[in-house]
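Visitor: What follows is a structure written as structure tokens; I'll ask about it next.
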Amino acid sequence: MTAQHAPQTGEGAAPAVRGWKATIAVAMSNYIEAGSIIALATSLTFWQEHFGFTNWVIGLVAALSANAFGAAIGAMIGGPLGDRYGRKFIYTYDLILYMVGTLLVVFAAQAWMLVLGVILTGIAVGAGVPVAWTYIAEQAPHERRARHVGTAQLAWSLGPAVVFAVATALVPLGLLGSRIVFAHLFVIAFITWWVRRGLAESDIWTAQEQERDAAKSAGKAVRHRGLKDLLASRTNLKALLFLTGVYALWNLVAGQMGIFMPRVYETAGVESAAHQNLLQVLLWTCTVIATYLGFMLLGDKMDRRLLYGIGAVMGIAAWGVLVFAHVTMPLLILFAVLWGVSAGIGAQAFYALWTAEMFATPYRATAQGVLFFVARILVGVLSYFFPVMLAAQGVPFVGMIMIGFLVVALLIGVIGAPDTRGKSLEQIEIERYGERVEA
């Protein structure tokens with residue numbers, strides 16, 4: 001059932017939020033997630049000075065955030081719950097938790113308030129983002145699925161572009177400016193939560209639940225397919241390994257960039273916080289443009305293996321500039337453009353699309369949660385050591401590590417890219433599993 005032919009919520013009830021309005025409301029999970037990461041990234045130095053944190057403590061705070069462990073925990077909670085109780089169930093509560101977390105950061109007078117706020121926001125976005133990708137793909141017309149899923153990627157790139165721009169303008173205010181940035185995220189979260197109150201449930205999930213209810217009424221034994229069932233399927237395991245290679249390895253690089261890129265610029269010789277942020281504004285603006293003109297407009301039309309490969313090669317080239325050239329401001333601008341375009345048509349956008357396509361409905365959100373969990377755990381582990389390695393070894397050393405991750409992600413994605421373009425989720429499910437997977 002497509003969104004265009006979905007029923008009303010009830011006799012005399014206002015129509016549920018559907019179509020592009022629903023896609024945008026759900027995609028805002030990505031704006032909030034990426035915005036949280038960048039808000040913390042631009043404020044880490046201020047918090048370090050305010051509370052007297054060492055580099056090790058800064059690494060720990062980053063590891064506990066929406067960039068890593070916090071999001072990982074949330075994903076393992078939100079994914080399975082989204083499959084069991086519905087996609088909308090997650091949106092009833094995740095942003096309430098997020099708003100509590102952001103308020104703790106805004107008014108943090110002691111270190112524990114900052115740390116707790118960072119953890120809560122991380123758990124909230126971890127619960128929301130995987131289910132967001134699931135929901136958008138399930139509601140999208142199959143011939144325009146990449147366009148709709150790309151909206152989440154667009155929001156993910158718009159968040160940092162806006163937050164870096166705001167943070168740059170507020171640099172003269174120091175820590176107060178950082179608190180204002182988090183306050184803006186609270187406002188965005190509240191507006192998004194308000195709109196989502198009228199969100200329609202996923203039609204595919206609803207149809208599956210109706211089948212389950214009918215089976216119960218007929219006296220049949222019905223049980224929910226959980227993590228154990230997900231991992232028991234050879235088809236699922238293959239998809240999990242493939243998508244881990246595509247996303248987790250790429251995200252090891254993107255995760256460090258999201259939280260520590262201002263420090264990379266500083267190590268490369270850009271000492272001005274405003275200049276560091278402006279480079280990031282350029283990078284993320286390029287990501288916004290590439291997401292729309294590249295992934296959203298071409299993802300349903302051109303060969304996806306080729307489009308993925310182009311993005312992956314550009315990402316490797318970007319880090320090659322930092323590692324193999326004498327870094328100057330023009331080269332840093334080239335780096336920002338190359339990585340920005342790469343991120344717009346690269347691994348995360350395809351991961352969000354392929355994960356929704358490669359798993360059957362009973363497993364879909366759980367699989368998203370597991371993959372997001374693995375990716376963010378790996379980022380968290382590296383985040384704990386990254387600032388120390390960067391300070392001790394410099395950009396060329398950490399850059400070679402980043403290039404290694406990106407090369408492997410390129411090879412895995414190009415070799416294993418599935419042929420799913422233009423097909424319905426039901427058709428893909430039958431092709432992959434040999435039959436329709438019952439709930």
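Letters A, B, ... mark the chains of the structure tokens in the order given; residue numbers begin at 1 per chain; ligand numbers begin at 1, in order shown.
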Skip Val105 of chain A itself and residues of its chain fewer than 6 positions away, then list as a ChimeraX atom specification all residues within 9 Å of it, counting only C-alpha atoms.

Guide: /A:113-118,179,182-183

Visitor: May I ask for the distance between atom CA of Val171 of chain A and atom CA of Thr42 of chain A, given in Å to one decimal place?

Guide: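 Going from atom CA of Val171 of chain A over to atom CA of Thr42 of chain A covers 9.2 Å.
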
Visitor: With only C-alpha atoms as the counted atoms, please give the residues lying no more than 7 Å from Ala161 of chain A, apart from itself and same-chain residues fewer than 3 positions off, as JSON, numbers by chain.

Guide: {"A": [157, 158, 164, 165, 281, 284, 285]}

Visitor: Can you tell me, as a ChimeraX atom specification, which residues in segment 133-353 of chain A count as alpha helix (DSSP H) by DSSP?

Guide: /A:133-139,145-169,175-196,203-217,227-232,234-243,249-267,273-290,297-298,304-324,329-345,347-353

Visitor: Work out how far atom CA of Leu175 of chain A is from atom CA of Asn277 of chain A, in Å to one decimal.

Guide: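 Separating atom CA of Asn277 of chain A from atom CA of Leu175 of chain A is a distance of 15.3 Å.
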
Visitor: Which one is closest to Thr291 of chain A: A:Phe69, A:Trp133, A:Trp156, A:Trp56? Count only C-alpha atoms.

Guide: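 Result for the nearest residue to Thr291 of chain A: A:Trp156.
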
Visitor: May I ask which of the residues A:Ser178, A:Phe186, A:Gln139, A:Arg145 is the closest one to Leu97 of chain A, counting only C-alpha atoms?

Guide: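 Closest to Leu97 of chain A of all the choices is A:Phe186.
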
Visitor: Near Val270 of chain A, counting only C-alpha atoms, which residues have an atom at most 12 Å away, once you skip same-chain residues fewer than 2 positions from it, shown as a VMD selection string?

Guide: chain A and resid 261 to 268 272 to 279 327 to 330 332 to 333

Visitor: With N, CA and C atoms retained, could you export that selection as a compact mmCIF listing (two decimals), in the first residue's frame?

Guide:
```txt
# COMPACT_ATOMS: atom_id res chain seq x y z
N MET A 261 37.10 17.35 13.56
CA MET A 261 37.67 18.03 12.39
C MET A 261 38.24 19.41 12.72
N PRO A 262 37.61 20.20 13.58
CA PRO A 262 38.25 21.47 13.94
C PRO A 262 39.66 21.28 14.50
N ARG A 263 39.88 20.19 15.23
CA ARG A 263 41.22 19.90 15.77
C ARG A 263 42.18 19.46 14.67
N VAL A 264 41.65 18.76 13.66
CA VAL A 264 42.49 18.40 12.53
C VAL A 264 42.96 19.66 11.81
N TYR A 265 42.05 20.60 11.58
CA TYR A 265 42.42 21.86 10.95
C TYR A 265 43.46 22.61 11.79
N GLU A 266 43.25 22.59 13.10
CA GLU A 266 44.20 23.27 14.00
C GLU A 266 45.58 22.64 13.91
N THR A 267 45.63 21.31 13.89
CA THR A 267 46.91 20.61 13.77
C THR A 267 47.56 20.90 12.42
N ALA A 268 46.73 21.13 11.39
CA ALA A 268 47.24 21.45 10.05
C ALA A 268 47.64 22.91 9.92
N SER A 272 42.56 29.76 13.84
CA SER A 272 41.34 30.52 14.09
C SER A 272 40.12 29.60 14.13
N ALA A 273 39.37 29.65 15.24
CA ALA A 273 38.15 28.84 15.35
C ALA A 273 37.14 29.23 14.28
N ALA A 274 37.07 30.51 13.96
CA ALA A 274 36.14 30.97 12.92
C ALA A 274 36.51 30.38 11.57
N HIS A 275 37.81 30.36 11.24
CA HIS A 275 38.24 29.80 9.96
C HIS A 275 38.00 28.29 9.91
N GLN A 276 38.23 27.61 11.03
CA GLN A 276 37.95 26.17 11.10
C GLN A 276 36.47 25.91 10.82
N ASN A 277 35.61 26.68 11.44
CA ASN A 277 34.17 26.49 11.25
C ASN A 277 33.73 26.83 9.83
N LEU A 278 34.35 27.86 9.24
CA LEU A 278 33.98 28.24 7.87
C LEU A 278 34.37 27.15 6.87
N LEU A 279 35.49 26.49 7.11
CA LEU A 279 35.86 25.36 6.26
C LEU A 279 34.80 24.26 6.36
N VAL A 327 50.11 21.14 3.24
CA VAL A 327 48.78 21.70 3.46
C VAL A 327 48.82 23.22 3.50
N THR A 328 48.04 23.81 2.61
CA THR A 328 47.84 25.26 2.57
C THR A 328 46.34 25.52 2.58
N MET A 329 45.94 26.75 2.74
CA MET A 329 44.50 27.04 2.76
C MET A 329 43.80 26.65 1.47
N PRO A 330 44.37 26.90 0.28
CA PRO A 330 43.70 26.44 -0.95
C PRO A 330 43.50 24.92 -0.96
N LEU A 332 43.20 23.01 1.72
CA LEU A 332 42.16 22.70 2.69
C LEU A 332 40.77 22.96 2.11
N ILE A 333 40.67 23.99 1.30
CA ILE A 333 39.40 24.26 0.62
C ILE A 333 39.08 23.13 -0.36
```

Visitor: Which of these, A:Trp47, A:Phe359, A:Tyr351, A:Phe335, has the shortest distance to Val437 of chain A once you count only C-alpha atoms?

Guide: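 Nearest candidate to Val437 of chain A out of A:Trp47, A:Phe359, A:Tyr351, A:Phe335: A:Phe359.
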
Visitor: I'd like the interatomic distance between atom CA of Phe386 of chain A and atom CA of Met257 of chain A, to a tenth of an Å.

Guide: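 Here the two named atoms are 10.3 Å from each other.
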
Visitor: Here is a test: counting only C-alpha atoms, which residue of A:Val288, A:Glu438, A:Arg147, A:Ser424 is nearest to Gln210 of chain A?

Guide: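 Once distances to Gln210 of chain A are computed over only C-alpha atoms, the minimum belongs to A:Glu438.
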
Visitor: Here is a test: counting only C-alpha atoms, which residue of A:Gly413, A:Gly101, A:Gly82, A:Gly394 is nearest to Ala239 of chain A?

Guide: A:Gly413

Visitor: Using only C-alpha atoms, can you tell me which of A:Ile38, A:Leu293, A:Val321, A:Leu252 comes closest to Ser383 of chain A?

Guide: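 Distance minimum relative to Ser383 of chain A lands on A:Leu252.
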
Visitor: Counting only C-alpha atoms, what is within 8 Å of segment 295-307 of chain A, bar same-chain residues fewer than 3 positions away, as an MDAnalysis selection string?

Guide: chainID A and resid 143:151 290:292 310:311 344:346 349 413:414 417 421:422

Visitor: May I have the residues from that selection written out with N, CA, C and O atoms, as a tab-separated table (two decimals), in the first residue's frame?

Guide:
```
chain	number	residue	atom	x	y	z
A	143	GLU	N	9.77	3.60	-7.12
A	143	GLU	CA	10.52	4.19	-8.22
A	143	GLU	C	11.21	5.50	-7.81
A	143	GLU	O	12.02	6.04	-8.55
A	144	ARG	N	10.90	6.00	-6.61
A	144	ARG	CA	11.54	7.22	-6.11
A	144	ARG	C	12.08	7.03	-4.69
A	144	ARG	O	12.17	7.97	-3.92
A	145	ARG	N	12.48	5.80	-4.37
A	145	ARG	CA	12.92	5.51	-3.01
A	145	ARG	C	14.20	6.25	-2.65
A	145	ARG	O	14.34	6.79	-1.56
A	146	ALA	N	15.16	6.30	-3.56
A	146	ALA	CA	16.41	7.00	-3.28
A	146	ALA	C	16.16	8.49	-3.05
A	146	ALA	O	16.79	9.12	-2.20
A	147	ARG	N	15.22	9.04	-3.79
A	147	ARG	CA	14.89	10.47	-3.63
A	147	ARG	C	14.35	10.74	-2.23
A	147	ARG	O	14.72	11.73	-1.59
A	148	HIS	N	13.48	9.87	-1.74
A	148	HIS	CA	12.91	10.07	-0.41
A	148	HIS	C	13.93	9.78	0.69
A	148	HIS	O	14.06	10.56	1.64
A	149	VAL	N	14.66	8.66	0.57
A	149	VAL	CA	15.68	8.35	1.56
A	149	VAL	C	16.76	9.43	1.57
A	149	VAL	O	17.31	9.77	2.62
A	150	GLY	N	17.03	9.99	0.41
A	150	GLY	CA	18.00	11.07	0.32
A	150	GLY	C	17.62	12.30	1.13
A	150	GLY	O	18.48	13.11	1.49
A	151	THR	N	16.33	12.44	1.42
A	151	THR	CA	15.89	13.57	2.24
A	151	THR	C	16.51	13.49	3.63
A	151	THR	O	16.87	14.51	4.23
A	290	ALA	N	25.44	18.18	-3.14
A	290	ALA	CA	25.69	16.88	-3.76
A	290	ALA	C	24.60	15.87	-3.43
A	290	ALA	O	24.25	15.02	-4.25
A	291	THR	N	24.07	15.95	-2.21
A	291	THR	CA	22.98	15.04	-1.84
A	291	THR	C	21.78	15.24	-2.74
A	291	THR	O	21.18	14.28	-3.23
A	292	TYR	N	21.43	16.50	-2.98
A	292	TYR	CA	20.26	16.78	-3.81
A	292	TYR	C	20.52	16.50	-5.29
A	292	TYR	O	19.79	15.74	-5.93
A	310	ILE	N	32.02	6.58	-7.42
A	310	ILE	CA	32.48	7.96	-7.61
A	310	ILE	C	32.62	8.67	-6.27
A	310	ILE	O	33.62	9.33	-5.99
A	311	GLY	N	31.61	8.53	-5.43
A	311	GLY	CA	31.66	9.16	-4.11
A	311	GLY	C	32.79	8.63	-3.27
A	311	GLY	O	33.51	9.39	-2.59
A	344	GLY	N	27.95	13.48	0.15
A	344	GLY	CA	26.60	13.64	-0.37
A	344	GLY	C	26.12	12.46	-1.19
A	344	GLY	O	24.93	12.14	-1.21
A	345	ILE	N	27.04	11.79	-1.90
A	345	ILE	CA	26.65	10.68	-2.77
A	345	ILE	C	27.31	9.37	-2.32
A	345	ILE	O	27.34	8.40	-3.08
A	346	GLY	N	27.81	9.35	-1.09
A	346	GLY	CA	28.63	8.24	-0.65
A	346	GLY	C	27.96	7.23	0.24
A	346	GLY	O	26.75	6.98	0.16
A	349	ALA	N	24.45	7.57	2.55
A	349	ALA	CA	23.21	7.63	1.79
A	349	ALA	C	22.85	6.26	1.23
A	349	ALA	O	21.70	5.81	1.30
A	413	GLY	N	31.76	-1.97	-1.25
A	413	GLY	CA	30.54	-1.39	-1.82
A	413	GLY	C	30.41	-1.61	-3.31
A	413	GLY	O	29.33	-1.95	-3.82
A	414	VAL	N	31.51	-1.44	-4.04
A	414	VAL	CA	31.47	-1.60	-5.49
A	414	VAL	C	31.26	-3.06	-5.88
A	414	VAL	O	30.49	-3.38	-6.78
A	417	ALA	N	27.43	-4.27	-4.32
A	417	ALA	CA	26.23	-3.44	-4.48
A	417	ALA	C	25.05	-4.26	-5.02
A	417	ALA	O	25.17	-4.90	-6.06
A	421	ARG	N	17.45	-1.16	-7.72
A	421	ARG	CA	16.88	0.10	-8.23
A	421	ARG	C	15.58	-0.15	-8.97
A	421	ARG	O	15.48	-1.03	-9.83
A	422	GLY	N	14.54	0.62	-8.61
A	422	GLY	CA	13.25	0.55	-9.28
A	422	GLY	C	12.35	-0.58	-8.84
A	422	GLY	O	11.24	-0.72	-9.36
```

Visitor: Near Ala248 of chain A, within 10 Å and counting only C-alpha atoms, which residues show up once chain neighbours fewer than 6 positions away are dropped, as an mmCIF file with C-alpha atoms, in the first residue's frame?

Guide:
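Wrote it out as result_22.cif, contents follow:
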```
data_model
loop_
_atom_site.group_PDB
_atom_site.id
_atom_site.type_symbol
_atom_site.label_atom_id
_atom_site.label_comp_id
_atom_site.auth_asym_id
_atom_site.auth_seq_id
_atom_site.Cartn_x
_atom_site.Cartn_y
_atom_site.Cartn_z
ATOM 1 C CA LEU A 241 28.492 -8.164 6.792
ATOM 2 C CA PHE A 242 28.213 -6.268 3.511
ATOM 3 C CA ALA A 254 33.202 10.418 9.166
ATOM 4 C CA GLY A 255 32.750 9.954 12.905
ATOM 5 C CA ALA A 347 28.392 5.468 1.873
ATOM 6 C CA GLN A 348 25.850 6.785 4.374
ATOM 7 C CA TYR A 351 23.719 2.469 3.476
ATOM 8 C CA LEU A 371 24.306 -1.997 12.104
ATOM 9 C CA PHE A 372 24.095 1.466 13.650
ATOM 10 C CA PHE A 373 25.184 -0.034 16.980
ATOM 11 C CA VAL A 374 28.259 -1.681 15.475
ATOM 12 C CA ALA A 375 29.232 1.436 13.533
ATOM 13 C CA ARG A 376 28.923 3.753 16.513
ATOM 14 C CA ILE A 377 30.731 1.386 18.886
ATOM 15 C CA LEU A 378 33.688 1.330 16.503
ATOM 16 C CA VAL A 379 33.617 5.119 16.262
ATOM 17 C CA PHE A 405 39.277 2.433 6.011
ATOM 18 C CA ALA A 409 34.729 0.452 2.096
#
```
